[in-house]
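Data block below; observations after.
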Amino acid sequence: MTQDPRRRVPRTDAVLADPRVVTALGTHSRERVKAAVVAAQQRARSGEIEPERVVDETLAGLPSRASSLTPVLNATGVVIHTNLGRASLSPRAIEAVVDAAGYVDVEMDLGTGQRSRRGAQALAALRSAVPDAGDALVVNNGAAALVLATTALAAGREVVVSRGEMVEIGDGFRLPDLVASTGARLREVGTTNRTHLRDYVDAIGPDTGCILKVHPSNFRVEGFTRSVGVAELADLGVPVVEDIGSGLLAPDAALPDEPDATTSLRRGAHLVTASGDKLLGGPQAGLVLGRADLAERLRRHPLARAVRVDKLTLAALEATLTGPPTPTAQALHASPDDLRARTERLAEALGRQVVPVDGRVGGGGAPGVPLDGHAVEIPADLVPGLRRPSGDVPAVVARVDGGRGLVDLRCIPPEADEDLLLALREALAG
Ligand SMILES: *Cc1c(COP(=O)(O)O)cnc(C)c1O
């Protein structure tokens, strides 16, 4: 008579003592390993697996990654893809993050052992990248930079904004709501399509905290329009804050309409706010650049502590600013010929067609600027499956457009082309 297999299911203690499981305890919490053991025992009891396979099943049930965030190959052609974590950090920035993960001298002068200005090196890098700025500040993200600026300069007073710049940026993030949440009052001037200098002049008075200019990053008003640039607003006697959004520090010839911090400051903005993880290609951060006395008011405001950045961000930001071109810059400036050659190689290896496509900057940047590119066409119904990684096959996020699946190589580093080929082969093989 054969023994009931359920009685051969190993006990939890025995599984936990298995050398391979002991090794796994070096990388997973005891609770997580126990849960995997219990699940494996359950499958053995129900007859789904042989009792001898409980250890294998336990190990298979443990995630291979330290976090459940899954790295993906961004084949969408959208360079700053908010749902994919915006900018991909440069290898140099990744190295800096790893170095900063332990104890570091983020707020200590190792020479004297005394406390130093937090993140001084990252701030110095930012200031040398934008010599026109009298001072710089780094906070948690672009929205926090805006909140801190309007709070410190205008809480209980008025923030003057053109009606043409009352924008919703994405995911329900509305500028008017954000400013209202700071306790400042919005003083709207002009109309949706036209705002004149006299609209600002009429609105300014003793109650004005600052003028806010916002780059309407994700849309354009065309036709009968008029807006007032910072140059005209700079001498009205109140601080002018310009939110440029995407974080270019200096002009980029490939994105002629995209604002940048240097130009904005030269034109007269007193403070510029921007994101770190859009076109700058760095970590999530909010940058504030401009007049030293205003930056100091922001730094001294109690809210500054609540929007402070961590050491990992400071490390990544400094490495981004002082390192080679970022993956974001490489994707934006990718040579059309190179892209085409890589796309053709991939298509040929798969026996698929190459089609012309427009890539996009994304992240609210340069809405009107299509990036000339090419993609490998695949059946649209394969796109969902490509997003699921398995074994050595990475997750690939492709795009569906006009009923076609499109695999765009713009945001894929060339060294990942082999991985991409592998993933597409598997998907096409069904
Ligand atoms: C993206 C953006 C923001 C918000 O920045 P986050 O870094 O996402 O907080 C604010 N203003 C403009 C104009 C933007 O484009």
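Identifiers in this document derive from the order of the structure tokens: chains are assigned A, B, ..., residues are numbered from 1 separately in each chain, and ligands are numbered from 1 in order of occurrence.
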
Exercise. Ligand 1: which residues are within 6 Å, counting only C-alpha atoms and all ligand atoms, as a count of residues only?
Worked result: 14

Exercise. If you run DSSP on this backbone, which residues of stretch 10-247 of chain A come out as strand (DSSP E), and could you give them as a VMD selection string?
Worked result: chain A and resid 72 to 74 78 to 80 135 to 139 158 to 162 168 to 170 173 to 174 185 to 189 208 to 214 240 to 245

For this session: Pick out the residues sitting within 7 Å of A:Ala269, and hand them over as JSON, numbers by chain; count only C-alpha atoms, and ignore anything fewer than 3 positions along from it in its own chain.
Result: {"A": [230, 234, 240, 241, 242, 264, 265, 272]}

Dump of all heavy atoms for the selected residues, as a tab-separated table (two decimals), in the first residue's frame:
```
chain	number	residue	atom	x	y	z
A	230	VAL	N	8.49	87.27	-19.11
A	230	VAL	CA	9.06	87.70	-17.83
A	230	VAL	C	9.84	89.00	-17.97
A	230	VAL	O	9.91	89.78	-17.02
A	230	VAL	CB	9.98	86.62	-17.18
A	230	VAL	CG1	9.17	85.50	-16.61
A	230	VAL	CG2	11.01	86.11	-18.14
A	234	ALA	N	9.56	91.87	-15.04
A	234	ALA	CA	10.65	91.84	-14.06
A	234	ALA	C	10.77	93.12	-13.24
A	234	ALA	O	11.23	93.09	-12.11
A	234	ALA	CB	11.97	91.56	-14.78
A	240	VAL	N	9.06	87.78	-9.50
A	240	VAL	CA	8.47	87.01	-10.59
A	240	VAL	C	9.04	85.59	-10.52
A	240	VAL	O	10.25	85.40	-10.61
A	240	VAL	CB	8.81	87.63	-11.96
A	240	VAL	CG1	8.23	86.78	-13.09
A	240	VAL	CG2	8.27	89.05	-12.04
A	241	VAL	N	8.13	84.63	-10.34
A	241	VAL	CA	8.52	83.22	-10.30
A	241	VAL	C	8.10	82.59	-11.61
A	241	VAL	O	6.95	82.73	-12.01
A	241	VAL	CB	7.81	82.49	-9.13
A	241	VAL	CG1	8.18	81.02	-9.10
A	241	VAL	CG2	8.12	83.17	-7.80
A	242	GLU	N	9.01	81.91	-12.30
A	242	GLU	CA	8.61	81.22	-13.52
A	242	GLU	C	8.77	79.72	-13.35
A	242	GLU	O	9.87	79.23	-13.04
A	242	GLU	CB	9.43	81.69	-14.74
A	242	GLU	CG	8.92	81.02	-16.02
A	242	GLU	CD	9.37	81.69	-17.32
A	242	GLU	OE1	10.52	82.16	-17.37
A	242	GLU	OE2	8.55	81.71	-18.27
A	264	SER	N	15.42	82.01	-18.96
A	264	SER	CA	14.40	82.61	-18.12
A	264	SER	C	15.02	83.60	-17.13
A	264	SER	O	14.51	84.72	-16.95
A	264	SER	CB	13.64	81.49	-17.38
A	264	SER	OG	12.78	82.05	-16.43
A	265	LEU	N	16.13	83.23	-16.52
A	265	LEU	CA	16.79	84.13	-15.56
A	265	LEU	C	17.35	85.36	-16.29
A	265	LEU	O	17.26	86.48	-15.80
A	265	LEU	CB	17.90	83.39	-14.81
A	265	LEU	CG	17.42	82.33	-13.82
A	265	LEU	CD1	18.59	81.48	-13.32
A	265	LEU	CD2	16.69	82.97	-12.64
A	272	VAL	N	13.27	80.59	-10.76
A	272	VAL	CA	12.79	79.61	-11.73
A	272	VAL	C	12.58	78.30	-10.99
A	272	VAL	O	13.43	77.90	-10.19
A	272	VAL	CB	13.82	79.40	-12.86
A	272	VAL	CG1	13.41	78.25	-13.76
A	272	VAL	CG2	13.97	80.68	-13.68
```

Exercise. Atom CA of A:Asp202 and atom CA of A:Arg187, how far apart in Å?
Worked result: 11.0 Å

Problem set entry | Interatomic distance, atom CA of A:Asp417 to atom CA of A:Thr343 (Å, one decimal) |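 Atom-to-atom, atom CA of A:Asp417 and atom CA of A:Thr343 are spaced 9.4 Å apart.
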
For this session: Find the residue from A:Arg32, A:Arg291, A:Arg388, A:Arg340 that sits nearest to A:Arg127; use only C-alpha atoms when measuring.
Result: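 Under the stated criterion, the closest residue is A:Arg291.
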
Problem set entry | Who sits within 8 Å of A:Gln353, only C-alpha atoms, same chain under 4 positions skipped, as an NGL selection string | :A and (347-348 or 376-377)

Keeping all heavy atoms for every residue in the selection just given, could you write it to a file as a tab-separated table (two decimals), in the first residue's frame?
```
chain	number	residue	atom	x	y	z
A	347	ALA	N	14.01	44.30	-37.16
A	347	ALA	CA	12.89	43.85	-38.00
A	347	ALA	C	13.31	42.67	-38.86
A	347	ALA	O	12.55	41.70	-39.01
A	347	ALA	CB	12.41	45.02	-38.87
A	348	GLU	N	14.52	42.74	-39.39
A	348	GLU	CA	15.00	41.68	-40.26
A	348	GLU	C	15.13	40.37	-39.47
A	348	GLU	O	14.72	39.31	-39.94
A	348	GLU	CB	16.35	42.09	-40.84
A	348	GLU	CG	16.72	41.30	-42.07
A	348	GLU	CD	17.94	41.91	-42.76
A	348	GLU	OE1	17.98	43.17	-42.84
A	348	GLU	OE2	18.82	41.17	-43.17
A	376	VAL	N	9.34	48.87	-35.28
A	376	VAL	CA	9.04	47.56	-35.83
A	376	VAL	C	7.56	47.31	-35.57
A	376	VAL	O	7.08	47.50	-34.45
A	376	VAL	CB	9.87	46.46	-35.13
A	376	VAL	CG1	9.49	45.08	-35.67
A	376	VAL	CG2	11.36	46.73	-35.32
A	377	GLU	N	6.85	46.92	-36.62
A	377	GLU	CA	5.43	46.66	-36.47
A	377	GLU	C	5.20	45.23	-36.03
A	377	GLU	O	5.80	44.31	-36.59
A	377	GLU	CB	4.73	46.92	-37.82
A	377	GLU	CG	3.23	46.84	-37.70
A	377	GLU	CD	2.54	47.09	-39.04
A	377	GLU	OE1	3.17	47.63	-39.97
A	377	GLU	OE2	1.36	46.72	-39.14
```

For this session: Excluding A:Ala101 and residues on its chain fewer than 5 positions from it, collect all residues at most 10 Å away from it, counting only C-alpha atoms, and give them as a PyMOL selection string.
Result: chain A and resi 96+311-312+315

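Neighbouring residues of A:Asp260 at 6 Å or closer, counting only C-alpha atoms and skipping chain neighbours under 3 positions away, are Leu248, Leu249, Ala250, Pro251 and Thr263 of chain A.
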
Problem set entry | Among the residues A:Arg30, A:Arg86, A:Arg425, A:Arg308, the one that comes closest to A:Ala349 [using only C-alpha atoms] | A:Arg425
